[in-house]
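Below is coords_30.cif, which holds mmCIF, C-alpha atoms and all ligand atoms.
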data_final
#
loop_
_atom_site.label_atom_id
_atom_site.label_comp_id
_atom_site.auth_asym_id
_atom_site.auth_seq_id
_atom_site.Cartn_x
_atom_site.Cartn_y
_atom_site.Cartn_z
CA MET U 27 -87.91 14.64 -77.54
CA PRO U 28 -91.08 13.35 -75.86
CA ALA U 29 -92.55 15.35 -73.00
CA PRO U 30 -91.52 14.00 -69.62
CA PHE U 31 -94.15 11.86 -67.89
CA THR U 32 -95.82 14.03 -65.30
CA LYS U 33 -99.08 13.72 -63.38
CA SER U 34 -100.94 14.55 -66.58
CA LYS U 35 -104.60 14.58 -67.35
CA SER U 36 -104.28 11.08 -68.80
CA ALA U 37 -102.64 9.78 -65.63
CA LEU U 38 -105.39 11.37 -63.55
CA LEU U 39 -108.03 9.82 -65.81
CA LEU U 40 -106.33 6.45 -65.53
CA SER U 41 -106.22 6.58 -61.75
CA LEU U 42 -109.89 7.58 -61.63
CA LEU U 43 -110.81 4.70 -63.99
CA LEU U 44 -108.87 2.28 -61.80
CA GLY U 45 -110.56 3.64 -58.68
CA PHE U 46 -107.33 4.87 -57.02
CA GLY U 47 -109.00 8.14 -56.06
CA GLN U 48 -111.78 6.23 -54.32
CA ALA U 49 -109.28 3.89 -52.62
CA GLN U 50 -107.39 6.87 -51.21
CA ALA U 51 -110.57 8.53 -49.99
CA THR U 52 -111.61 5.48 -48.01
CA SER U 53 -108.15 4.46 -46.74
CA GLU U 54 -106.51 5.60 -43.48
CA PRO U 55 -107.12 9.25 -42.56
CA GLY U 56 -104.14 11.60 -42.73
CA PRO U 57 -102.17 12.21 -39.55
CA THR U 58 -103.82 15.56 -38.78
CA ALA U 59 -107.29 14.06 -39.03
CA LEU U 60 -106.23 11.03 -36.99
CA ALA U 61 -104.75 13.20 -34.24
CA THR U 62 -107.85 15.40 -34.17
CA ARG U 63 -110.11 12.36 -33.91
CA LEU U 64 -108.05 11.12 -30.96
CA GLY U 65 -108.01 14.50 -29.20
CA ILE U 66 -104.23 14.76 -29.55
CA PRO U 67 -102.80 18.15 -30.60
CA HIS U 68 -101.03 18.14 -33.95
CA PRO U 69 -98.15 18.71 -33.79
CA ALA U 70 -97.92 17.83 -30.09
CA VAL U 71 -95.60 19.38 -27.51
CA ILE U 72 -94.64 16.64 -25.07
CA ALA U 73 -92.70 17.97 -22.08
CA HIS U 74 -90.16 15.23 -21.44
CA ARG U 75 -89.96 14.70 -17.65
CA GLY U 76 -91.51 18.18 -17.44
CA ALA U 77 -89.58 21.30 -18.41
CA SER U 78 -86.48 19.31 -17.57
CA PHE U 79 -83.93 21.58 -19.24
CA ASP U 80 -84.97 24.37 -16.88
CA ALA U 81 -85.72 22.52 -13.65
CA PRO U 82 -84.90 19.16 -12.06
CA GLU U 83 -86.55 16.42 -14.10
CA SER U 84 -89.80 14.83 -12.90
CA THR U 85 -90.18 17.23 -9.95
CA ALA U 86 -92.98 19.69 -9.17
CA ALA U 87 -90.82 22.56 -10.48
CA ALA U 88 -90.38 20.88 -13.88
CA TYR U 89 -94.00 19.77 -14.24
CA LYS U 90 -95.54 23.06 -13.07
CA ALA U 91 -93.26 24.98 -15.42
CA ALA U 92 -94.19 22.75 -18.39
CA ARG U 93 -97.89 23.09 -17.57
CA ASP U 94 -97.78 26.87 -17.20
CA LEU U 95 -95.67 27.30 -20.33
CA GLY U 96 -98.49 25.64 -22.23
CA ALA U 97 -97.13 22.18 -23.11
CA ASP U 98 -99.73 19.73 -24.37
CA TYR U 99 -98.46 16.81 -22.30
CA LEU U 100 -96.46 16.18 -19.13
CA GLU U 101 -94.30 13.13 -19.87
CA MET U 102 -93.35 10.75 -17.09
CA ASP U 103 -91.68 7.40 -16.51
CA LEU U 104 -93.75 5.27 -14.18
CA GLN U 105 -92.32 3.11 -11.39
CA ARG U 106 -93.80 1.49 -8.27
CA SER U 107 -92.37 1.75 -4.74
CA LYS U 108 -91.77 -1.21 -2.43
CA ASP U 109 -95.11 -0.46 -0.75
CA GLY U 110 -97.02 -0.20 -4.01
CA VAL U 111 -97.18 3.54 -4.70
CA LEU U 112 -96.85 4.67 -8.34
CA PHE U 113 -94.30 7.43 -8.86
CA ALA U 114 -92.31 9.31 -11.51
CA LEU U 115 -88.63 8.51 -12.06
CA HIS U 116 -86.59 7.77 -15.15
CA ASP U 117 -83.53 5.90 -13.92
CA ASN U 118 -83.59 2.43 -12.46
CA ASN U 119 -81.75 3.66 -9.35
CA LEU U 120 -81.62 6.91 -7.43
CA GLN U 121 -77.95 7.86 -7.73
CA ARG U 122 -77.99 10.39 -10.56
CA THR U 123 -80.93 12.51 -9.45
CA THR U 124 -81.05 12.26 -5.64
CA ASP U 125 -78.87 12.28 -2.53
CA VAL U 126 -79.48 8.57 -1.89
CA ALA U 127 -75.72 8.02 -1.43
CA SER U 128 -75.69 10.21 1.67
CA LYS U 129 -79.13 9.25 3.06
CA PHE U 130 -78.93 5.48 2.43
CA PRO U 131 -75.23 4.79 1.69
CA GLU U 132 -75.51 1.05 2.03
CA ARG U 133 -78.48 0.94 -0.40
CA LYS U 134 -77.32 3.56 -2.88
CA ASP U 135 -77.13 1.07 -5.76
CA SER U 136 -80.49 -0.53 -5.03
CA PRO U 137 -83.26 -0.07 -7.56
CA ALA U 138 -85.72 2.68 -6.71
CA ASN U 139 -88.46 0.09 -6.29
CA ALA U 140 -86.60 -1.33 -3.24
CA PHE U 141 -87.57 1.82 -1.30
CA THR U 142 -90.90 2.61 0.34
CA MET U 143 -92.61 5.84 -0.62
CA ALA U 144 -91.83 7.24 2.84
CA GLU U 145 -88.14 6.54 2.19
CA LEU U 146 -88.26 8.00 -1.31
CA LYS U 147 -89.87 11.14 0.09
CA THR U 148 -86.85 11.75 2.36
CA LEU U 149 -84.60 12.22 -0.71
CA ASP U 150 -83.55 15.53 -2.24
CA ALA U 151 -84.32 15.28 -5.97
CA GLY U 152 -83.34 18.86 -6.81
CA SER U 153 -79.84 19.67 -5.58
CA TRP U 154 -78.12 17.46 -8.16
CA PHE U 155 -79.50 19.79 -10.87
CA ASN U 156 -78.01 22.89 -9.23
CA ALA U 157 -74.63 21.18 -9.10
CA ALA U 158 -74.82 19.86 -12.67
CA TYR U 159 -76.20 23.06 -14.26
CA PRO U 160 -75.01 26.08 -12.22
CA ASP U 161 -76.20 28.49 -14.92
CA ARG U 162 -79.79 27.22 -14.44
CA ALA U 163 -79.57 26.60 -10.69
CA ARG U 164 -82.13 28.08 -8.27
CA PRO U 165 -81.94 27.86 -4.47
CA ALA U 166 -85.58 26.69 -4.34
CA PHE U 167 -84.75 23.57 -6.37
CA ALA U 168 -82.81 22.20 -3.39
CA GLY U 169 -84.93 19.69 -1.51
CA LEU U 170 -87.48 19.02 -4.26
CA LYS U 171 -89.17 15.66 -3.82
CA ILE U 172 -89.81 12.62 -5.98
CA LEU U 173 -93.47 12.80 -7.04
CA THR U 174 -96.18 10.19 -6.86
CA LEU U 175 -98.46 9.76 -9.86
CA ASP U 176 -101.22 11.31 -7.75
CA GLU U 177 -99.10 14.42 -7.30
CA VAL U 178 -98.33 14.65 -11.02
CA ILE U 179 -102.07 14.41 -11.70
CA ASP U 180 -102.68 17.19 -9.16
CA ILE U 181 -100.19 19.36 -11.04
CA ALA U 182 -101.78 18.57 -14.41
CA GLU U 183 -105.15 19.61 -12.99
CA GLY U 184 -103.79 22.59 -11.10
CA ASN U 185 -103.92 25.44 -13.62
CA ALA U 186 -107.43 26.75 -14.27
CA LEU U 187 -106.46 28.17 -17.66
CA HIS U 188 -104.33 25.40 -19.16
CA LYS U 189 -104.86 21.71 -18.54
CA PRO U 190 -102.20 19.52 -20.14
CA GLY U 191 -102.59 15.81 -20.64
CA LEU U 192 -100.36 13.07 -19.25
CA TYR U 193 -98.02 10.98 -21.41
CA ILE U 194 -97.08 8.00 -19.23
CA GLU U 195 -94.37 5.43 -19.93
CA THR U 196 -94.32 2.06 -18.22
CA LYS U 197 -90.58 2.03 -17.44
CA GLU U 198 -88.88 -1.38 -17.31
CA PRO U 199 -92.35 -2.90 -16.86
CA LYS U 200 -91.00 -6.43 -16.31
CA GLN U 201 -89.73 -5.17 -12.93
CA PHE U 202 -93.29 -4.24 -12.01
CA PRO U 203 -95.69 -7.09 -12.69
CA GLY U 204 -99.25 -5.75 -12.77
CA ILE U 205 -98.25 -2.10 -13.11
CA GLU U 206 -100.54 -1.70 -16.12
CA HIS U 207 -103.49 -2.73 -13.95
CA ASP U 208 -102.36 -0.48 -11.08
CA LEU U 209 -102.11 2.41 -13.52
CA LYS U 210 -105.61 1.80 -14.80
CA GLU U 211 -107.01 1.74 -11.25
CA LYS U 212 -105.31 5.00 -10.38
CA LEU U 213 -106.36 6.77 -13.58
CA GLN U 214 -109.90 5.51 -13.13
CA ALA U 215 -110.03 6.60 -9.49
CA ARG U 216 -108.81 10.06 -10.49
CA GLY U 217 -111.34 10.36 -13.32
CA TRP U 218 -108.64 10.34 -15.99
CA LEU U 219 -110.12 7.57 -18.10
CA ASN U 220 -113.09 9.64 -19.18
CA PRO U 221 -113.10 12.95 -21.00
CA THR U 222 -114.41 15.51 -18.51
CA GLY U 223 -114.94 18.53 -20.66
CA SER U 224 -118.32 17.65 -22.10
CA LYS U 225 -119.79 20.93 -20.84
CA LEU U 226 -117.26 22.87 -22.86
CA ALA U 227 -117.55 23.70 -26.53
CA LYS U 228 -115.30 21.49 -28.64
CA SER U 229 -113.06 24.42 -29.51
CA GLU U 230 -112.53 25.18 -25.80
CA LEU U 231 -111.67 21.64 -24.82
CA ALA U 232 -108.16 21.46 -23.32
CA VAL U 233 -105.98 18.42 -23.98
CA GLY U 234 -106.31 17.39 -20.33
CA GLN U 235 -110.09 17.34 -20.59
CA GLY U 236 -110.58 15.61 -23.91
CA LYS U 237 -110.27 12.13 -25.41
CA GLY U 238 -106.49 12.36 -25.72
CA LYS U 239 -105.95 13.40 -22.10
CA VAL U 240 -103.78 10.35 -21.41
CA VAL U 241 -101.35 8.76 -23.84
CA LEU U 242 -99.60 5.55 -22.75
CA GLN U 243 -96.13 4.65 -24.02
CA THR U 244 -93.76 1.74 -23.71
CA PHE U 245 -90.73 0.14 -25.36
CA GLU U 246 -91.95 -3.31 -24.26
CA LYS U 247 -94.21 -5.36 -26.47
CA SER U 248 -95.60 -7.27 -23.48
CA SER U 249 -96.49 -4.04 -21.70
CA LEU U 250 -98.20 -2.64 -24.81
CA GLU U 251 -100.35 -5.76 -24.90
CA LEU U 252 -101.22 -5.43 -21.21
CA LEU U 253 -101.98 -1.73 -21.55
CA GLN U 254 -104.26 -2.51 -24.46
CA LYS U 255 -106.04 -5.18 -22.42
CA GLU U 256 -106.47 -2.90 -19.40
CA MET U 257 -107.27 0.36 -21.21
CA PRO U 258 -108.36 -0.40 -24.77
CA ALA U 259 -109.82 3.06 -25.34
CA VAL U 260 -106.72 5.00 -24.25
CA PRO U 261 -104.26 6.01 -27.00
CA LYS U 262 -100.99 4.07 -26.92
CA ILE U 263 -97.57 4.61 -28.45
CA LEU U 264 -94.94 1.93 -29.05
CA LEU U 265 -91.50 3.44 -28.44
CA LEU U 266 -88.78 2.40 -30.89
CA TRP U 267 -85.03 2.35 -31.03
CA VAL U 268 -82.40 0.24 -32.72
CA GLY U 269 -80.95 -2.26 -30.28
CA GLU U 270 -81.69 -4.99 -27.81
CA GLY U 271 -85.38 -5.55 -27.24
CA SER U 272 -86.37 -3.32 -30.15
CA ILE U 273 -85.49 -3.03 -33.84
CA GLU U 274 -82.71 -5.39 -34.92
CA PRO U 275 -79.63 -3.51 -36.18
CA LYS U 276 -77.96 -4.04 -39.54
CA SER U 277 -74.56 -4.28 -37.86
CA LYS U 278 -73.86 -6.33 -34.74
CA VAL U 279 -70.70 -4.35 -33.96
CA THR U 280 -70.79 -3.12 -30.35
CA PHE U 281 -69.90 0.41 -29.25
CA ALA U 282 -66.65 -0.88 -27.75
CA GLU U 283 -65.73 -2.59 -31.03
CA SER U 284 -66.86 0.31 -33.21
CA GLY U 285 -64.02 2.75 -32.47
CA GLU U 286 -66.57 5.61 -32.48
CA LYS U 287 -65.67 8.55 -30.25
CA ASP U 288 -68.96 8.57 -28.35
CA LYS U 289 -72.25 6.76 -28.14
CA ALA U 290 -74.10 9.37 -30.24
CA ALA U 291 -71.70 8.79 -33.13
CA TYR U 292 -72.13 5.05 -32.72
CA TYR U 293 -75.93 5.22 -32.61
CA ALA U 294 -76.03 7.62 -35.57
CA ARG U 295 -74.57 4.80 -37.68
CA GLN U 296 -76.97 2.20 -36.33
CA GLU U 297 -79.85 1.43 -38.63
CA PRO U 298 -82.53 -1.22 -38.88
CA LYS U 299 -81.41 -4.52 -40.38
CA ASP U 300 -83.55 -3.76 -43.41
CA LYS U 301 -86.77 -2.09 -44.46
CA ALA U 302 -88.85 -5.13 -43.58
CA GLU U 303 -87.46 -5.15 -40.02
CA PHE U 304 -88.59 -1.54 -39.51
CA GLN U 305 -91.95 -2.17 -41.11
CA GLN U 306 -92.70 -5.22 -39.00
CA TRP U 307 -92.43 -3.12 -35.82
CA ILE U 308 -94.92 -0.65 -37.25
CA ASP U 309 -97.21 -3.47 -38.28
CA TYR U 310 -96.94 -4.98 -34.80
CA ALA U 311 -97.79 -1.63 -33.16
CA LYS U 312 -100.85 -1.30 -35.34
CA ALA U 313 -101.97 -4.89 -34.75
CA GLN U 314 -101.75 -4.35 -30.97
CA GLY U 315 -103.96 -1.28 -31.09
CA ALA U 316 -101.29 1.44 -30.78
CA ILE U 317 -102.21 4.80 -32.32
CA GLY U 318 -98.62 5.60 -33.14
CA THR U 319 -94.95 5.11 -32.53
CA GLY U 320 -92.27 6.98 -30.58
CA PRO U 321 -89.04 6.62 -32.55
CA SER U 322 -85.59 7.93 -31.65
CA ALA U 323 -83.77 10.71 -33.52
CA ALA U 324 -80.15 11.42 -34.38
CA LEU U 325 -79.41 14.95 -33.17
CA THR U 326 -77.23 17.49 -34.95
CA GLN U 327 -75.07 18.15 -31.90
CA GLY U 328 -74.98 14.52 -30.75
CA GLY U 329 -75.15 14.15 -26.97
CA ASP U 330 -76.65 11.47 -24.77
CA GLN U 331 -80.16 11.85 -26.21
CA SER U 332 -78.98 11.18 -29.76
CA TYR U 333 -79.77 7.74 -31.13
CA SER U 334 -80.48 6.10 -34.45
CA ASP U 335 -82.39 8.19 -36.98
CA LEU U 336 -85.76 6.46 -37.05
CA VAL U 337 -87.68 9.43 -38.46
CA GLN U 338 -86.45 9.32 -42.01
CA PRO U 339 -89.19 10.43 -44.42
CA TRP U 340 -89.78 6.91 -45.76
CA MET U 341 -90.22 5.62 -42.23
CA ASN U 342 -92.76 8.30 -41.33
CA GLN U 343 -94.56 7.76 -44.61
CA TYR U 344 -94.84 4.05 -43.95
CA THR U 345 -96.08 4.67 -40.39
CA HIS U 346 -98.66 7.16 -41.68
CA SER U 347 -99.73 4.74 -44.40
CA GLN U 348 -100.65 2.34 -41.60
CA GLY U 349 -102.80 5.00 -39.97
CA LEU U 350 -100.37 5.66 -37.12
CA LEU U 351 -98.88 8.87 -35.71
CA VAL U 352 -95.18 9.56 -35.09
CA HIS U 353 -94.03 11.27 -31.86
CA VAL U 354 -90.24 11.51 -31.89
CA TYR U 355 -87.99 11.61 -28.80
CA THR U 356 -86.06 13.66 -27.51
CA VAL U 357 -85.37 16.86 -29.45
CA ASP U 358 -84.30 20.21 -27.96
CA GLU U 359 -82.80 22.38 -30.71
CA ALA U 360 -84.55 24.44 -33.41
CA VAL U 361 -82.37 22.94 -36.14
CA ASP U 362 -83.55 19.47 -35.14
CA TYR U 363 -87.19 20.55 -34.63
CA GLN U 364 -87.09 21.70 -38.25
CA LYS U 365 -85.41 18.53 -39.43
CA VAL U 366 -87.87 16.14 -37.82
CA MET U 367 -90.90 18.25 -38.80
CA ASP U 368 -89.65 18.30 -42.41
CA ALA U 369 -89.35 14.53 -42.19
CA GLY U 370 -93.03 14.35 -41.27
CA VAL U 371 -93.39 13.72 -37.53
CA ASP U 372 -96.60 14.56 -35.67
CA GLY U 373 -95.21 15.62 -32.30
CA ILE U 374 -91.99 15.97 -30.36
CA PHE U 375 -90.78 14.94 -26.91
CA THR U 376 -88.66 17.83 -25.67
CA ASN U 377 -86.91 18.93 -22.49
CA ARG U 378 -87.36 22.52 -23.68
CA ALA U 379 -91.11 23.02 -23.97
CA ARG U 380 -90.69 26.80 -24.23
CA GLU U 381 -88.40 26.45 -27.26
CA LEU U 382 -90.70 24.03 -29.04
CA LEU U 383 -93.79 26.17 -28.40
CA ALA U 384 -91.92 29.15 -29.84
CA PHE U 385 -90.83 27.06 -32.82
CA TYR U 386 -94.49 26.23 -33.49
CA LYS U 387 -95.30 29.94 -33.05
CA ARG U 388 -97.54 29.15 -30.12
CA PRO U 389 -97.78 31.57 -27.20
CA ALA U 390 -95.66 30.77 -24.14
CA ALA U 391 -94.70 32.71 -21.04
CA SER U 392 -91.06 33.05 -20.08
CA VAL U 393 -89.45 30.18 -18.21
CA ASP U 394 -88.20 32.56 -15.52
CA GLN U 395 -91.71 33.90 -15.00
CA VAL U 396 -93.44 30.54 -14.67
CA LEU U 397 -90.76 29.28 -12.28
CA LYS U 398 -91.04 32.44 -10.17
CA ASN U 399 -94.85 32.27 -10.20
CA ASN U 400 -94.57 28.80 -8.70
CA GLY U 401 -92.14 29.89 -6.00
CA TYR U 402 -88.85 28.74 -7.56
O1 LIG U 501 -90.52 8.06 -23.40
C1 LIG U 501 -89.78 8.26 -24.53
C2 LIG U 501 -88.63 9.04 -24.19
O2 LIG U 501 -88.78 9.46 -22.89
C3 LIG U 501 -87.33 8.36 -24.42
O3 LIG U 501 -87.00 7.49 -23.49
O4 LIG U 501 -85.30 6.96 -21.84
O5 LIG U 501 -86.11 9.28 -21.93
O6 LIG U 501 -87.61 7.50 -21.14
P1 LIG U 501 -86.49 7.84 -22.04
CA CA U 502 -89.83 8.32 -21.03
#
Rewritten as structure tokens:
Amino acid sequence: MPAPFTKSKSALLLSLLLGFGQAQATSEPGPTALATRLGIPHPAVIAHRGASFDAPESTAAAYKAARDLGADYLEMDLQRSKDGVLFALHDNNLQRTTDVASKFPERKDSPANAFTMAELKTLDAGSWFNAAYPDRARPAFAGLKILTLDEVIDIAEGNALHKPGLYIETKEPKQFPGIEHDLKEKLQARGWLNPTGSKLAKSELAVGQGKGKVVLQTFEKSSLELLQKEMPAVPKILLLWVGEGSIEPKSKVTFAESGEKDKAAYYARQEPKDKAEFQQWIDYAKAQGAIGTGPSAALTQGGDQSYSDLVQPWMNQYTHSQGLLVHVYTVDEAVDYQKVMDAGVDGIFTNRARELLAFYKRPAASVDQVLKNNGY
């Protein structure tokens, strides 16, 4: 019986003769080297809407907690008020996370961008959390405000010992023509388009002071192109999912037609039309100057954050082969942290920054302590 073909001396010799070793040495750097060159921690802890498992999303409580826990990035969804102020909010309207229905009953269904910043500031963006999650409720969450981008920047800069970066998504950017330019102006005015830590030794440089202090993210191709035009030197991520406006699915069956018990089960069965369809999105991201992608994940327990599994090893390998990083959204459980890390991702969006830091064996204070320290 002949010996099985392994990576033998002869194979090694052959690859050297053909120059494969040289080709590998001069091709794209590995993900760790790429992240290091960009000033992005590897693997990265991206606090999704702040420490939003423990405090009302996108409020000062959530962002201060994420910062003081030691997250690398404060993630936010960017919108613009009727009077032109940039602010952090995920949903298109204010119903889920504020008391808009009692303060502005006749406008409760209006998009958030139909309100001035003064109007938005009258809303209570914290009490909904206490009602929805009584086991995590705190009296001081009641009355928390929607935050402007300026205020999120203040929070990111506000801890002398740990300075996280900002990971900013242009949310529904077609609703906000010119928001990419507005964002650039604001970041420039606040000194966030230049690394500021030049006086520090490289090893002491915090994320929020280095080259990777801002990462920009979007699901929209047109917004990626505008972000690249406005801020070519700032790292950008193209967010991915399977569905309208993103990767074309293999099956056109809708959730209603599918008979699946919930959306997570439906999405878990959704997959790209074929390999080429997935690859062309990666190729597009690279061609437009993105430094990586933000794909969805299918979560073990399902739930409303569980989508199509776009971090299968072959997908991550292809993305890496194009010299791009993979930051997966939105993962909260250790079993899934392990799964996506084993599949090869380079960072994780999480609502539970404390859990992810612990998973990576990085130091982190207790959630209760950081919330109390900040008056919550
Ligand atoms: O920004 C990526 C991640 O946040 C997933 O999307 O809907 O939570 O903004 P979403
Ligand atoms: Ca987001």
Quick one: contact table of segment 72-151 of chain U to segment 159-163 of chain U, 12 Å max, nearest atom pair and distance in Å to one decimal per residue, counting all atoms listed in the file, chain and number order, as a Markdown table?
| residue | atom | partner | partner_atom | distance |
| --- | --- | --- | --- | --- |
| U:Ser78 | CA | U:Arg162 | CA | 10.8 |
| U:Phe79 | CA | U:Arg162 | CA | 8.5 |
| U:Asp80 | CA | U:Arg162 | CA | 6.4 |
| U:Ala81 | CA | U:Arg162 | CA | 7.6 |
| U:Pro82 | CA | U:Ala163 | CA | 9.3 |
| U:Ala87 | CA | U:Ala163 | CA | 12.0 |
Tell me, as JSON, numbers by chain, which residues lie within 7 Å of segment 274-276 of chain U, counting only C-alpha atoms; anything in the same chain fewer than 4 positions away does not count. {"U": [268, 269, 296, 297, 298, 299, 300, 303]}
Quick one: of U:Lys301, U:Lys312, U:Arg378, U:Arg133, who's nearest to Ser347 of chain U, counting only C-alpha atoms? U:Lys312
Can you list, as a PyMOL selection string, every protein, DNA or RNA residue that comes within 10 Å of Lys129 of chain U when you count all atoms listed in the file, leaving out same-chain residues fewer than 5 positions away? chain U and resi 124+134+145+148-150
Around ligand LIG 501 (chain U), out to 10 Å and counting only C-alpha atoms and all ligand atoms, which residues are there? I want them as an MDAnalysis selection string. chainID U and resid 72:75 101:104 115:117 193:198 242:245 263:267 320:322 331 353:357 374:377
Would you list the contacts of His68 of chain U as a PyMOL selection string, taking every protein, DNA or RNA residue within 9 Å and counting only C-alpha atoms, but skipping same-chain residues closer than 2 positions in sequence? chain U and resi 57-58+61-62+66+70-71+372-373
Now that the selection is made, can you save its residues with C-alpha atoms as a short mmCIF file (atom, residue, chain, number, x, y, z; two decimals), keeping the file's coordinate frame?
data_model
loop_
_atom_site.label_atom_id
_atom_site.label_comp_id
_atom_site.auth_asym_id
_atom_site.auth_seq_id
_atom_site.Cartn_x
_atom_site.Cartn_y
_atom_site.Cartn_z
CA PRO U 57 -102.17 12.21 -39.55
CA THR U 58 -103.82 15.56 -38.78
CA ALA U 61 -104.75 13.20 -34.24
CA THR U 62 -107.85 15.40 -34.17
CA ILE U 66 -104.23 14.76 -29.55
CA ALA U 70 -97.92 17.83 -30.09
CA VAL U 71 -95.60 19.38 -27.51
CA ASP U 372 -96.60 14.56 -35.67
CA GLY U 373 -95.21 15.62 -32.30
#
Which residue gives the smallest distance to Ala127 of chain U among U:Gln343, U:Trp154, U:Tyr386, U:Gly370, with all atoms listed in the file counted?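 Comparing U:Gln343, U:Trp154, U:Tyr386, U:Gly370 against Ala127 of chain U, the winner is U:Trp154.
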From the list U:Gly56, U:Gln314, U:Val241, U:Phe202, the nearest residue to ligand CA 502 (chain U) using all atoms listed in the file is U:Val241
Pairwise distance for atom CA of Leu253 of chain U and atom CA of Glu211 of chain U, rounded to one decimal in Å: 12.0 Å
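Distances from U:Arg93, U:Ala114, U:Gln338, U:Leu250 to ligand CA 502 (chain U) were compared using all atoms listed in the file, and the smallest one belongs to U:Ala114.
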Give me the residues near Leu146 of chain U as a PyMOL selection string, where near means some atom within 10 Å (using only C-alpha atoms) and where sequence neighbours in that chain fewer than 5 positions away do not count. chain U and resi 107-108+113+120+124+126+138-141+151+171-174
Export C-alpha atoms of the chosen residues as an mmCIF file, in the frame of the given file?
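See out_38.cif below for the written result:
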data_model
loop_
_atom_site.group_PDB
_atom_site.id
_atom_site.type_symbol
_atom_site.label_atom_id
_atom_site.label_comp_id
_atom_site.auth_asym_id
_atom_site.auth_seq_id
_atom_site.Cartn_x
_atom_site.Cartn_y
_atom_site.Cartn_z
ATOM 1 C CA SER U 107 -92.370 1.750 -4.740
ATOM 2 C CA LYS U 108 -91.770 -1.210 -2.430
ATOM 3 C CA PHE U 113 -94.300 7.430 -8.860
ATOM 4 C CA LEU U 120 -81.620 6.910 -7.430
ATOM 5 C CA THR U 124 -81.050 12.260 -5.640
ATOM 6 C CA VAL U 126 -79.480 8.570 -1.890
ATOM 7 C CA ALA U 138 -85.720 2.680 -6.710
ATOM 8 C CA ASN U 139 -88.460 0.090 -6.290
ATOM 9 C CA ALA U 140 -86.600 -1.330 -3.240
ATOM 10 C CA PHE U 141 -87.570 1.820 -1.300
ATOM 11 C CA ALA U 151 -84.320 15.280 -5.970
ATOM 12 C CA LYS U 171 -89.170 15.660 -3.820
ATOM 13 C CA ILE U 172 -89.810 12.620 -5.980
ATOM 14 C CA LEU U 173 -93.470 12.800 -7.040
ATOM 15 C CA THR U 174 -96.180 10.190 -6.860
#
What's the separation between atom CA of Tyr292 of chain U and atom CA of Val361 of chain U, in Å to one decimal place?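 Between atom CA of Tyr292 of chain U and atom CA of Val361 of chain U the gap is 20.9 Å.
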